[in-house]
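Since the structure comes first, as structure tokens, the remarks are kept for the end.
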Amino acid sequence: MKRIIRFKLNGEEVEEYVQDSITMCDFLRKQMHLSGTKRGCEEGECGACTILLDGGAIDSCLMLAAEADGHEIVTIEGVMKDGVLHPLQREFMDKWALQCGFCTPGMIMSALSLLNENPHPTELEIRDGIAGNLCRCTGYAKIVEAIGAAAEVMEREARA
Amino acid sequence: MSLPDFDFVAAKSLKEASDLARERGNRCVFMAGGTDIIPLLKDNLLKGIDTVIGLECIPELDKLEFADGEGLRIGALTKLHSIQNSPLVKEKMPAVAQAAHYVASSQIRRKGTMAGNISNASPSADTASILLAMNASVKTYASGGGRTIPIGNFFTGVKKTCLEKDKGEIVTEIDIPELKPGEGSAYYKHAVRKAMDLAIIGVAAWVKMAGRKVGDCRIAMGGVGVTPLRAFNAEKLLKGAEITDELLEEAGVAASGECHPISDVRASAEYRADMVRVYTKRAIKTALETMKA
Ligand SMILES: Cc1cc2nc3c(=O)[nH]c(=O)nc-3n(C[C@@H](O)[C@@H](O)[C@H](O)COP(=O)(O)OP(=O)(O)OC[C@H]3O[C@@H](n4cnc5c(N)ncnc54)[C@H](O)[C@@H]3O)c2cc1C
Ligand code: FES
Ligand code: FES
């Protein structure tokens with residue numbers, strides 16, 4: 001079956017005709033042409049497909065597009081605001097927290113969700129927040145560092 | 001890996017979901033968070049399914065309440081992430097919050113539910129052992145009337161529960177009795193990695209002290225049988241006895257003797273049985289250390 005769903009995607013109300021049996025990950029990539037959300041293992045192991053559902057990180061390969069009806073979705077394409085990179089994006093670049101970059105959108109979405117809930121995470125909490133995201137290149141140290149640094153920048157920017 | 005074709009019905013009420021399940025029988029499955037169901041559908045492990053009945057839009061199933069003198073009520077749609085982070089759960093039943101935290105990753109815990117974790121009935125499900133040790137009960141809705149199922153009767157085999165499909169039976173709530181003064185509980189998961197790894201084994205313990213002696217206790221083991229198992233022999237040894245290191249070792253040996261592990265890619269049967277011995281001791285110790293004053 002197909003159905004019409006209405007939901008918020010990266011801040012904009014959208015109305016789309018979707019197949020019942022398509023995952024959110026495939027829907028975003030194939031129908032919405034938002035290819036920042038990566039297709040890795042497709043079964044919840046790698047986190048490359050991580051997006052925000054109502055502000056919290058989930059694996060889009062384990063969600064049906066139809067489930068988005070009435071909800072809010074944010075993908076990596078919705079993280080930059082008014083042409084300005086998010087502190088997480090800047091810190092990932094400045095701290096060399098990416099090499100091939102395949103895990104990066106998912107990492108940033110998990111980190112965003114973590115910082116939404118816990119603006120001052122400890123290193124352990126950062127590692128727990130990205131435990132569902134695999135990176136085959138960096139060894140994680142730079143990623144953890146970048147997320148910690150972004151938390152500080154976000155706090156400074158909020159106070160300013 | 002795309003999904004096979006099916007109709008998705010986001011049920012608006014328990015009655016709608018249950019009636020549809022009775023009508024479609026073996027051609028349908030319920031879906032809460034979908035973290036078990038979606039991979040199964042992708043791998044074509046669910047044969048002949050043409051309808052997925054979504055439970056997420058049913059009102060009143062997302063709750064987390066504590067009633068003094070009774071205990072914790074966890075709605076069937078309450079996310080593992082909410083259970084893990086709830087100050088109420090952390091205060092009243094830290095072992096339950098810990099068990100929820102042990103499941104997979106934060107992405108999966110934000111979607112997955114405890115009701116789904118037990119209804120999927122994997123022998124190594126992380127929330128099953130602690131529910132068994134704490135004597136939880138499972139409330140259901142079904143055509144012709146729901147029931148309250150003691151958790152000890154819930155699991156009937158690998159991926160099998162006593163839920164009656166022909167009655168469209170749906171889990172609505174999991175109730176966990178309050179920890180009273182002199183009672184404590186704990187759950188340990190033993191896995192190769194700290195996250196994103198299924199348990200090699202898991203052991204949960206609930207202990208009630210009567211003075212210096214064990215008044216009552218329950219020990220539950222995951223990943224070592226077709227269902228999560230109680231270690232009845234170990235419990236018998238402990239009841240009425242004073243806790244000593246020798247007694248803990250004897251209880252661990254007894255528990256390891258009454259589990260039925262298999263050898264697979266994760267570990268050998270011998271290793272599993274020995275880890276049951278080790279973690280039985282640890283779980284009892286932690287239950288005692290975290291006991292309510
Ligand atoms: C990569 C990965 C890693 C994982 N790691 C772990 C782990 O470390 N430990 C662990 O314990 N689990 C693990 N899991 C499994 C865990 O995510 C699930 O068991 C989850 O808790 C199921 O909840 P859900 O809401 O997603 O269930 P769903 O997938 O929606 O459903 C699961 C089953 O329960 C049934 N069901 C759901 N809700 C109800 C209801 N209210 N009434 C009747 N039947 C119902 C469904 O029909 C289905 O058979 C992992 C899963 C993945 C994909
Ligand atoms: S593609 Fe979704 S978790 Fe790997
Ligand atoms: S940068 Fe290559 S996988 Fe992480």
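By order of appearance in the structure tokens: chains A, B, ..., then residues from 1 within every chain, and ligands from 1 in the order shown.
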Review point. Tell me, which residues of range 16-151 of chain A carry DSSP strand (DSSP E or B), written as a ChimeraX atom specification?
Key: /A:16-19,23,50-53,56-59,64,72-74,81,84
Range 174-191 of chain B surroundings by only C-alpha atoms, 6 Å radius, close-in-sequence under 2 positions cut, as a PDB file with N, CA, C and O atoms, in the first residue's frame:
```pdb
ATOM      1  N   GLU B  70       3.268  -0.469  46.038  1.00  0.00           N
ATOM      2  CA  GLU B  70       3.009  -1.413  44.939  1.00  0.00           C
ATOM      3  C   GLU B  70       4.257  -1.600  44.093  1.00  0.00           C
ATOM      4  O   GLU B  70       4.906  -2.618  44.152  1.00  0.00           O
ATOM      5  N   GLY B  71       4.579  -0.584  43.308  1.00  0.00           N
ATOM      6  CA  GLY B  71       5.775  -0.713  42.487  1.00  0.00           C
ATOM      7  C   GLY B  71       5.708   0.090  41.213  1.00  0.00           C
ATOM      8  O   GLY B  71       4.948   1.054  41.104  1.00  0.00           O
ATOM      9  N   LEU B  72       6.506  -0.345  40.251  1.00  0.00           N
ATOM     10  CA  LEU B  72       6.678   0.394  39.007  1.00  0.00           C
ATOM     11  C   LEU B  72       5.771  -0.178  37.928  1.00  0.00           C
ATOM     12  O   LEU B  72       5.659  -1.394  37.780  1.00  0.00           O
ATOM     13  N   ARG B  73       5.109   0.718  37.192  1.00  0.00           N
ATOM     14  CA  ARG B  73       4.299   0.290  36.048  1.00  0.00           C
ATOM     15  C   ARG B  73       4.908   0.881  34.789  1.00  0.00           C
ATOM     16  O   ARG B  73       5.005   2.098  34.650  1.00  0.00           O
ATOM     17  N   ILE B  74       5.311   0.020  33.894  1.00  0.00           N
ATOM     18  CA  ILE B  74       5.958   0.462  32.665  1.00  0.00           C
ATOM     19  C   ILE B  74       5.042   0.159  31.491  1.00  0.00           C
ATOM     20  O   ILE B  74       4.685  -0.999  31.249  1.00  0.00           O
ATOM     21  N   ALA B  95      18.628  -1.492  39.254  1.00  0.00           N
ATOM     22  CA  ALA B  95      18.988  -2.633  38.400  1.00  0.00           C
ATOM     23  C   ALA B  95      18.135  -2.676  37.131  1.00  0.00           C
ATOM     24  O   ALA B  95      18.575  -3.158  36.088  1.00  0.00           O
ATOM     25  N   ALA B 136       8.224  -9.766  38.188  1.00  0.00           N
ATOM     26  CA  ALA B 136       7.339  -8.841  37.495  1.00  0.00           C
ATOM     27  C   ALA B 136       6.115  -9.578  36.963  1.00  0.00           C
ATOM     28  O   ALA B 136       6.088 -10.809  36.924  1.00  0.00           O
ATOM     29  N   SER B 137       5.112  -8.813  36.565  1.00  0.00           N
ATOM     30  CA  SER B 137       3.993  -9.427  35.860  1.00  0.00           C
ATOM     31  C   SER B 137       3.662  -8.612  34.615  1.00  0.00           C
ATOM     32  O   SER B 137       3.974  -7.428  34.526  1.00  0.00           O
ATOM     33  N   VAL B 138       3.066  -9.292  33.647  1.00  0.00           N
ATOM     34  CA  VAL B 138       2.804  -8.699  32.344  1.00  0.00           C
ATOM     35  C   VAL B 138       1.295  -8.587  32.177  1.00  0.00           C
ATOM     36  O   VAL B 138       0.586  -9.589  32.278  1.00  0.00           O
ATOM     37  N   ARG B 193      31.922  -6.893  24.057  1.00  0.00           N
ATOM     38  CA  ARG B 193      32.043  -5.439  24.003  1.00  0.00           C
ATOM     39  C   ARG B 193      31.078  -4.809  24.979  1.00  0.00           C
ATOM     40  O   ARG B 193      30.074  -5.399  25.348  1.00  0.00           O
ATOM     41  N   ALA B 199      24.342 -10.425  24.905  1.00  0.00           N
ATOM     42  CA  ALA B 199      24.943 -11.028  26.089  1.00  0.00           C
ATOM     43  C   ALA B 199      25.469 -12.428  25.768  1.00  0.00           C
ATOM     44  O   ALA B 199      24.817 -13.194  25.064  1.00  0.00           O
ATOM     45  N   ILE B 200      26.666 -12.752  26.302  1.00  0.00           N
ATOM     46  CA  ILE B 200      27.117 -14.147  26.300  1.00  0.00           C
ATOM     47  C   ILE B 200      26.265 -14.872  27.340  1.00  0.00           C
ATOM     48  O   ILE B 200      25.703 -15.923  27.081  1.00  0.00           O
ATOM     49  N   ILE B 201      26.195 -14.244  28.494  1.00  0.00           N
ATOM     50  CA  ILE B 201      25.227 -14.666  29.518  1.00  0.00           C
ATOM     51  C   ILE B 201      24.816 -13.408  30.288  1.00  0.00           C
ATOM     52  O   ILE B 201      25.495 -12.379  30.213  1.00  0.00           O
ATOM     53  N   GLY B 202      23.734 -13.512  31.036  1.00  0.00           N
ATOM     54  CA  GLY B 202      23.341 -12.441  31.942  1.00  0.00           C
ATOM     55  C   GLY B 202      22.814 -13.095  33.210  1.00  0.00           C
ATOM     56  O   GLY B 202      22.241 -14.185  33.143  1.00  0.00           O
ATOM     57  N   VAL B 203      23.064 -12.460  34.362  1.00  0.00           N
ATOM     58  CA  VAL B 203      22.511 -13.002  35.609  1.00  0.00           C
ATOM     59  C   VAL B 203      21.889 -11.870  36.418  1.00  0.00           C
ATOM     60  O   VAL B 203      22.490 -10.805  36.572  1.00  0.00           O
ATOM     61  N   ALA B 204      20.679 -12.113  36.907  1.00  0.00           N
ATOM     62  CA  ALA B 204      20.008 -11.142  37.769  1.00  0.00           C
ATOM     63  C   ALA B 204      19.714 -11.799  39.112  1.00  0.00           C
ATOM     64  O   ALA B 204      19.477 -13.011  39.175  1.00  0.00           O
ATOM     65  N   ALA B 205      19.765 -11.002  40.163  1.00  0.00           N
ATOM     66  CA  ALA B 205      19.451 -11.537  41.490  1.00  0.00           C
ATOM     67  C   ALA B 205      18.548 -10.577  42.244  1.00  0.00           C
ATOM     68  O   ALA B 205      18.655  -9.354  42.079  1.00  0.00           O
ATOM     69  N   TRP B 206      17.655 -11.141  43.021  1.00  0.00           N
ATOM     70  CA  TRP B 206      16.838 -10.370  43.970  1.00  0.00           C
ATOM     71  C   TRP B 206      16.988 -11.066  45.316  1.00  0.00           C
ATOM     72  O   TRP B 206      16.862 -12.289  45.406  1.00  0.00           O
ATOM     73  N   VAL B 207      17.336 -10.284  46.330  1.00  0.00           N
ATOM     74  CA  VAL B 207      17.582 -10.879  47.656  1.00  0.00           C
ATOM     75  C   VAL B 207      16.808 -10.094  48.707  1.00  0.00           C
ATOM     76  O   VAL B 207      16.770  -8.865  48.678  1.00  0.00           O
ATOM     77  N   LYS B 208      16.196 -10.835  49.625  1.00  0.00           N
ATOM     78  CA  LYS B 208      15.507 -10.205  50.759  1.00  0.00           C
ATOM     79  C   LYS B 208      16.146 -10.755  52.019  1.00  0.00           C
ATOM     80  O   LYS B 208      16.195 -11.969  52.222  1.00  0.00           O
ATOM     81  N   MET B 209      16.693  -9.868  52.850  1.00  0.00           N
ATOM     82  CA  MET B 209      17.347 -10.318  54.062  1.00  0.00           C
ATOM     83  C   MET B 209      16.358 -10.348  55.218  1.00  0.00           C
ATOM     84  O   MET B 209      15.446  -9.525  55.306  1.00  0.00           O
ATOM     85  N   ALA B 283      26.185 -10.835  41.181  1.00  0.00           N
ATOM     86  CA  ALA B 283      24.833 -10.265  41.216  1.00  0.00           C
ATOM     87  C   ALA B 283      24.293 -10.267  42.649  1.00  0.00           C
ATOM     88  O   ALA B 283      23.700  -9.292  43.103  1.00  0.00           O
ATOM     89  N   THR B 286      26.113  -7.522  44.667  1.00  0.00           N
ATOM     90  CA  THR B 286      25.634  -6.171  44.347  1.00  0.00           C
ATOM     91  C   THR B 286      24.212  -5.963  44.857  1.00  0.00           C
ATOM     92  O   THR B 286      23.876  -4.880  45.340  1.00  0.00           O
ATOM     93  N   ALA B 287      23.382  -6.986  44.793  1.00  0.00           N
ATOM     94  CA  ALA B 287      22.013  -6.865  45.320  1.00  0.00           C
ATOM     95  C   ALA B 287      22.079  -6.511  46.808  1.00  0.00           C
ATOM     96  O   ALA B 287      21.337  -5.654  47.295  1.00  0.00           O
ATOM     97  N   LEU B 288      23.001  -7.157  47.534  1.00  0.00           N
ATOM     98  CA  LEU B 288      23.129  -6.887  48.969  1.00  0.00           C
ATOM     99  C   LEU B 288      23.673  -5.483  49.219  1.00  0.00           C
ATOM    100  O   LEU B 288      23.225  -4.772  50.111  1.00  0.00           O
ATOM    101  N   THR B 290      23.368  -2.869  47.395  1.00  0.00           N
ATOM    102  CA  THR B 290      22.461  -1.782  47.010  1.00  0.00           C
ATOM    103  C   THR B 290      21.096  -1.926  47.691  1.00  0.00           C
ATOM    104  O   THR B 290      20.127  -1.299  47.286  1.00  0.00           O
ATOM    105  N   MET B 291      21.055  -2.756  48.709  1.00  0.00           N
ATOM    106  CA  MET B 291      19.797  -3.032  49.394  1.00  0.00           C
ATOM    107  C   MET B 291      19.169  -1.785  50.001  1.00  0.00           C
ATOM    108  O   MET B 291      19.863  -0.915  50.510  1.00  0.00           O
ATOM    109  N   LYS B 292      17.840  -1.735  49.963  1.00  0.00           N
ATOM    110  CA  LYS B 292      17.124  -0.620  50.608  1.00  0.00           C
ATOM    111  C   LYS B 292      17.287  -0.723  52.121  1.00  0.00           C
ATOM    112  O   LYS B 292      17.120  -1.795  52.688  1.00  0.00           O
ATOM    113  N   ALA B 293      17.608   0.403  52.744  1.00  0.00           N
ATOM    114  CA  ALA B 293      17.789   0.395  54.201  1.00  0.00           C
ATOM    115  C   ALA B 293      16.444   0.245  54.896  1.00  0.00           C
ATOM    116  O   ALA B 293      15.415   0.585  54.352  1.00  0.00           O
TER     117      ALA B 293
END
```
Point to revise | Residue with smallest distance to ligand 1 - pool A:Val144, A:Leu9, A:Leu134, A:Ala65, counting only C-alpha atoms and all ligand atoms | key: A:Leu134
Taking only C-alpha atoms and all ligand atoms into account, which residues are within 7 Å of ligand 3, as a compact mmCIF listing (two decimals) with N, CA, C and O atoms, in the first residue's frame?
```txt
# COMPACT_ATOMS: atom_id res chain seq x y z
N LEU A 98 37.37 13.35 11.19
CA LEU A 98 36.89 12.49 10.10
C LEU A 98 38.01 12.22 9.11
O LEU A 98 38.89 13.04 8.91
N GLN A 99 37.94 11.03 8.54
CA GLN A 99 38.89 10.70 7.47
C GLN A 99 38.09 10.42 6.19
O GLN A 99 37.91 11.28 5.36
N CYS A 100 37.51 9.21 6.06
CA CYS A 100 36.71 8.96 4.85
C CYS A 100 35.38 9.71 4.91
O CYS A 100 34.78 10.01 3.89
N GLY A 101 34.88 9.96 6.13
CA GLY A 101 33.66 10.73 6.29
C GLY A 101 32.35 9.96 6.23
O GLY A 101 31.28 10.53 6.41
N PHE A 102 32.43 8.66 6.02
CA PHE A 102 31.18 7.90 5.86
C PHE A 102 30.37 7.86 7.16
O PHE A 102 29.15 7.91 7.14
N CYS A 103 31.07 7.80 8.30
CA CYS A 103 30.35 7.70 9.58
C CYS A 103 29.93 9.08 10.09
O CYS A 103 29.17 9.17 11.04
N THR A 104 30.48 10.15 9.48
CA THR A 104 30.37 11.48 10.07
C THR A 104 28.94 12.01 10.23
O THR A 104 28.59 12.50 11.31
N LEU A 134 29.65 3.26 14.38
CA LEU A 134 30.96 2.69 14.10
C LEU A 134 31.77 3.63 13.22
O LEU A 134 31.24 4.23 12.28
N CYS A 135 33.07 3.74 13.52
CA CYS A 135 33.98 4.46 12.65
C CYS A 135 35.15 3.53 12.37
O CYS A 135 35.77 3.02 13.30
N ARG A 136 35.45 3.30 11.11
CA ARG A 136 36.54 2.39 10.76
C ARG A 136 37.86 3.11 10.53
O ARG A 136 38.86 2.51 10.23
N CYS A 137 37.84 4.45 10.60
CA CYS A 137 39.07 5.18 10.29
C CYS A 137 39.74 5.83 11.49
O CYS A 137 40.93 5.65 11.71
N THR A 138 39.01 6.59 12.28
CA THR A 138 39.67 7.53 13.19
C THR A 138 40.17 6.95 14.50
O THR A 138 41.01 7.55 15.15
```
Check your understanding: When the cut-off is 7 Å and we count only C-alpha atoms, which residues of chain A are near chain B, given as a ChimeraX atom specification?
Key -> /A:1,20-22,43,57-59,62-63,129,131-132
Could you turn the residues from that selection into a file that holds all heavy atoms, as a PDB file, in the first residue's frame?
```pdb
ATOM      1  N   MET A   1       0.827  -1.209   0.000  1.00  0.00           N
ATOM      2  CA  MET A   1       0.000   0.000   0.000  1.00  0.00           C
ATOM      3  C   MET A   1       0.865   1.264   0.000  1.00  0.00           C
ATOM      4  O   MET A   1       2.016   1.230   0.396  1.00  0.00           O
ATOM      5  CB  MET A   1      -0.890   0.014   1.235  1.00  0.00           C
ATOM      6  CG  MET A   1      -2.353   0.172   0.890  1.00  0.00           C
ATOM      7  SD  MET A   1      -3.425  -0.032   2.320  1.00  0.00           S
ATOM      8  CE  MET A   1      -2.786   1.127   3.501  1.00  0.00           C
ATOM      9  N   ASP A  20       4.280   1.845   2.105  1.00  0.00           N
ATOM     10  CA  ASP A  20       4.253   1.364   3.489  1.00  0.00           C
ATOM     11  C   ASP A  20       5.553   0.669   3.869  1.00  0.00           C
ATOM     12  O   ASP A  20       6.042   0.815   4.984  1.00  0.00           O
ATOM     13  CB  ASP A  20       3.123   0.335   3.678  1.00  0.00           C
ATOM     14  CG  ASP A  20       1.802   1.025   3.964  1.00  0.00           C
ATOM     15  OD1 ASP A  20       1.762   2.269   3.889  1.00  0.00           O
ATOM     16  OD2 ASP A  20       0.814   0.322   4.236  1.00  0.00           O
ATOM     17  N   SER A  21       6.083  -0.109   2.922  1.00  0.00           N
ATOM     18  CA  SER A  21       7.215  -0.973   3.271  1.00  0.00           C
ATOM     19  C   SER A  21       8.550  -0.368   2.836  1.00  0.00           C
ATOM     20  O   SER A  21       9.389  -1.049   2.283  1.00  0.00           O
ATOM     21  CB  SER A  21       7.032  -2.345   2.628  1.00  0.00           C
ATOM     22  OG  SER A  21       6.822  -2.185   1.238  1.00  0.00           O
ATOM     23  N   ILE A  22       8.728   0.932   3.080  1.00  0.00           N
ATOM     24  CA  ILE A  22      10.038   1.523   2.802  1.00  0.00           C
ATOM     25  C   ILE A  22      10.589   2.078   4.108  1.00  0.00           C
ATOM     26  O   ILE A  22       9.841   2.645   4.925  1.00  0.00           O
ATOM     27  CB  ILE A  22       9.957   2.610   1.698  1.00  0.00           C
ATOM     28  CG1 ILE A  22      11.379   3.068   1.289  1.00  0.00           C
ATOM     29  CG2 ILE A  22       9.145   3.816   2.131  1.00  0.00           C
ATOM     30  CD1 ILE A  22      11.393   3.969   0.063  1.00  0.00           C
ATOM     31  N   GLU A  43      20.959  -2.749   9.497  1.00  0.00           N
ATOM     32  CA  GLU A  43      20.246  -3.420  10.577  1.00  0.00           C
ATOM     33  C   GLU A  43      20.576  -2.935  11.983  1.00  0.00           C
ATOM     34  O   GLU A  43      20.556  -3.704  12.932  1.00  0.00           O
ATOM     35  CB  GLU A  43      20.331  -4.934  10.511  1.00  0.00           C
ATOM     36  CG  GLU A  43      21.590  -5.550   9.989  1.00  0.00           C
ATOM     37  CD  GLU A  43      21.344  -7.047   9.742  1.00  0.00           C
ATOM     38  OE1 GLU A  43      20.414  -7.398   8.991  1.00  0.00           O
ATOM     39  OE2 GLU A  43      22.071  -7.823  10.349  1.00  0.00           O
ATOM     40  N   ALA A  57      18.164  10.845  18.649  1.00  0.00           N
ATOM     41  CA  ALA A  57      18.804  10.067  17.576  1.00  0.00           C
ATOM     42  C   ALA A  57      18.232   8.656  17.490  1.00  0.00           C
ATOM     43  O   ALA A  57      18.087   7.979  18.508  1.00  0.00           O
ATOM     44  CB  ALA A  57      20.304   9.999  17.824  1.00  0.00           C
ATOM     45  N   ILE A  58      17.906   8.238  16.287  1.00  0.00           N
ATOM     46  CA  ILE A  58      17.475   6.853  16.037  1.00  0.00           C
ATOM     47  C   ILE A  58      18.137   6.390  14.732  1.00  0.00           C
ATOM     48  O   ILE A  58      18.626   7.202  13.950  1.00  0.00           O
ATOM     49  CB  ILE A  58      15.941   6.732  15.915  1.00  0.00           C
ATOM     50  CG1 ILE A  58      15.406   7.654  14.798  1.00  0.00           C
ATOM     51  CG2 ILE A  58      15.220   7.084  17.195  1.00  0.00           C
ATOM     52  CD1 ILE A  58      14.694   6.911  13.743  1.00  0.00           C
ATOM     53  N   ASP A  59      18.135   5.077  14.517  1.00  0.00           N
ATOM     54  CA  ASP A  59      18.654   4.533  13.254  1.00  0.00           C
ATOM     55  C   ASP A  59      17.529   4.557  12.222  1.00  0.00           C
ATOM     56  O   ASP A  59      16.505   3.893  12.397  1.00  0.00           O
ATOM     57  CB  ASP A  59      19.104   3.082  13.447  1.00  0.00           C
ATOM     58  CG  ASP A  59      20.218   2.935  14.469  1.00  0.00           C
ATOM     59  OD1 ASP A  59      21.205   3.685  14.370  1.00  0.00           O
ATOM     60  OD2 ASP A  59      20.102   2.069  15.353  1.00  0.00           O
ATOM     61  N   LEU A  62      15.949   1.382  10.818  1.00  0.00           N
ATOM     62  CA  LEU A  62      15.039   0.581  11.647  1.00  0.00           C
ATOM     63  C   LEU A  62      13.716   1.314  11.855  1.00  0.00           C
ATOM     64  O   LEU A  62      13.028   1.095  12.844  1.00  0.00           O
ATOM     65  CB  LEU A  62      15.671   0.281  13.014  1.00  0.00           C
ATOM     66  CG  LEU A  62      16.939  -0.570  13.027  1.00  0.00           C
ATOM     67  CD1 LEU A  62      17.393  -0.827  14.464  1.00  0.00           C
ATOM     68  CD2 LEU A  62      16.714  -1.896  12.316  1.00  0.00           C
ATOM     69  N   MET A  63      13.396   2.209  10.944  1.00  0.00           N
ATOM     70  CA  MET A  63      12.143   2.968  11.062  1.00  0.00           C
ATOM     71  C   MET A  63      11.445   2.924   9.715  1.00  0.00           C
ATOM     72  O   MET A  63      12.099   3.018   8.675  1.00  0.00           O
ATOM     73  CB  MET A  63      12.477   4.415  11.425  1.00  0.00           C
ATOM     74  CG  MET A  63      11.264   5.319  11.488  1.00  0.00           C
ATOM     75  SD  MET A  63      11.749   7.040  11.825  1.00  0.00           S
ATOM     76  CE  MET A  63      10.107   7.785  11.852  1.00  0.00           C
ATOM     77  N   GLY A 129      27.133   7.851  24.242  1.00  0.00           N
ATOM     78  CA  GLY A 129      26.231   8.468  23.257  1.00  0.00           C
ATOM     79  C   GLY A 129      26.531   8.049  21.833  1.00  0.00           C
ATOM     80  O   GLY A 129      25.633   8.003  20.992  1.00  0.00           O
ATOM     81  N   ALA A 131      28.077   5.085  21.107  1.00  0.00           N
ATOM     82  CA  ALA A 131      28.374   3.644  21.105  1.00  0.00           C
ATOM     83  C   ALA A 131      27.689   2.931  19.939  1.00  0.00           C
ATOM     84  O   ALA A 131      28.136   1.870  19.508  1.00  0.00           O
ATOM     85  CB  ALA A 131      27.954   3.014  22.431  1.00  0.00           C
ATOM     86  N   GLY A 132      26.619   3.501  19.428  1.00  0.00           N
ATOM     87  CA  GLY A 132      25.912   2.890  18.302  1.00  0.00           C
ATOM     88  C   GLY A 132      26.388   3.387  16.951  1.00  0.00           C
ATOM     89  O   GLY A 132      25.707   3.190  15.940  1.00  0.00           O
TER      90      GLY A 132
END
```
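Proximal residues of ligand 2 are Cys25, Lys38, Arg39, Gly40, Cys41, Glu42, Glu43, Gly44, Glu45, Cys46, Gly47, Ala48, Cys49, Thr50, Asp59, Ser60, Cys61, Leu62, Gly132 and Asn133 of chain A, by a cut-off of 8 Å on only C-alpha atoms and all ligand atoms.
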Check your understanding: Counting only C-alpha atoms, what is within 9 Å of Asn116 in chain A, bar same-chain residues fewer than 5 positions away, as a PyMOL selection string?
Key -> chain A and resi 55-56+111
Mind writing the picked residues with C-alpha atoms as a CSV table (one decimal), in the first residue's frame?
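Heads up, here's the output in again-v9.csv:
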```
chain,number,residue,atom,x,y,z
A,55,GLY,CA,14.9,15.5,18.7
A,56,GLY,CA,16.3,12.1,19.7
A,111,ALA,CA,26.3,13.9,19.2
```
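Minimum distance to ligand 1 across A:Ser113, A:Leu64, A:Leu28, A:Pro121 (counting only C-alpha atoms and all ligand atoms) occurs at A:Leu64.
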Review point. Chain A: which residues are alpha helix (DSSP H) by DSSP, as number ranges by chain?
Key: A: 24-26, 87-94, 104-117, 123-129, 141-159
